[in-house]
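Each remark here refers to the structure printed beneath this line.
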Number of protein chains: 2
Amino acid sequence: MTSPRFEAVTIDCRDKHALATFWCALLGTTVRGEFGQYLGLHAATEGHPRLVFQQVDHLDEGRSRVHLDLDTEDLEADTARAVALGASVVQDVTDFGVQWRTLADPEGNLFCLVPAG
Amino acid sequence: MTSPRFEAVTIDCRDKHALATFWCALLGTTVRGEFGQYLGLHAATEGHPRLVFQQVDHLDEGRSRVHLDLDTEDLEADTARAVALGASVVQDVTDFGVQWRTLADPEGNLFCLVPAG
């Protein structure tokens with residue numbers, strides 16, 4: 001079975017354009033695209049995970065403002081695998097017609113399983 | 001000038017062994033090494049950033065528990081570049097004979113500049 005693949009690091013933020021400007025200039029990359037509250041950068045190194053900025057109205061300081069996004073070939077199987085390892089399901093999200101799932105690792109660090117493609 | 005390179009994602013945690021076990025099993029990778037409070041995994045995908053777990057006595061919930069580590073060829077030049085872009089220097093750290101620098105991006109997200117090698 002294929003493991004889910006570390007695909008992006010998503011950072012909650014107040015101003016996704018300002019933060020993207022900073023990180024693009026620092027890492028030497030450019031904006032890949034923008035959709036609703038999300039703004040993604042091209043990977044600075046070919047094949048690397050991308051940075052994504054998610055603009056939120058209120059930063060919830062109690063949760064981490066950074067999380068990992070993992071691509072999955074099989075959402076249900078990888079969810080079951082993660083839960084068997086000690087993760088917990090936080091919520092299902094459907095946004096812009098795409099469905100993914102937020103989980104928390106055994107210490108509560110959030111990560112998302114996103115169907116590949 | 002070479003941009004600093006996204007090299008690792010470091011996660012503060014209470015139990016680095018337990019968390020490493022979870023993430024190794026989920027991503028299909030293995031432990032690369034352990035040094036003091038740090039435990040690093042091999043990149044699950046060749047050339048990808050690595051995950052590093054940093055065991056801390058007290059999780060400071062006010063700061064993000066996840067941060068990016070960037071390799072740099074020139075610590076002072078990349079610090080100046082980041083500060084000119086709106087970052088601020090948080091602290092210099094010397095641990096196990098290695099010196100690196102913690103900065104905060106314009107919204108306060110911590111990241112480290114680590115001399116390459």
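Letters A, B, ... mark the chains of the structure tokens in the order given; residue numbers begin at 1 per chain; ligand numbers begin at 1, in order shown.
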Could you please tell me, as an MDAnalysis selection string, which residues of chain B have an atom within 8 Å of chain A when using only C-alpha atoms?
chainID B and resid 3:6 13:14 19 22 25:28 44:45 47:49 61:67 81:82 85:86 105:107 109
Any idea what's packed within 9 Å of Arg32 (chain A), counting only C-alpha atoms, ignoring anything in its chain fewer than 5 positions away? Could you give it as a list in words?
Leu39, Gly40, Leu41, His42 and Ala43 of chain A
Once DSSP has gone over the backbone, tell me which residues of region 18-52 of chain B are in helix (DSSP H, G or I), as a count of residues only.
10
Atom pair CA of Phe111 (chain B) / CA of Leu59 (chain A): separation (Å)
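If I compute the distance from CA of Phe111 (chain B) to CA of Leu59 (chain A), I get 18.2 Å.
Pairwise distance (CA of Asp74 (chain B), CA of Gln55 (chain B)) equals 27.9 Å.
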Identify, with DSSP run on backbone atoms, the residues in chain B assigned to strand (DSSP E), and express the list as a PyMOL selection string.
chain B and resi 5-13+31-35+38-41+50-55+66-72+88-95+98-104+110-115
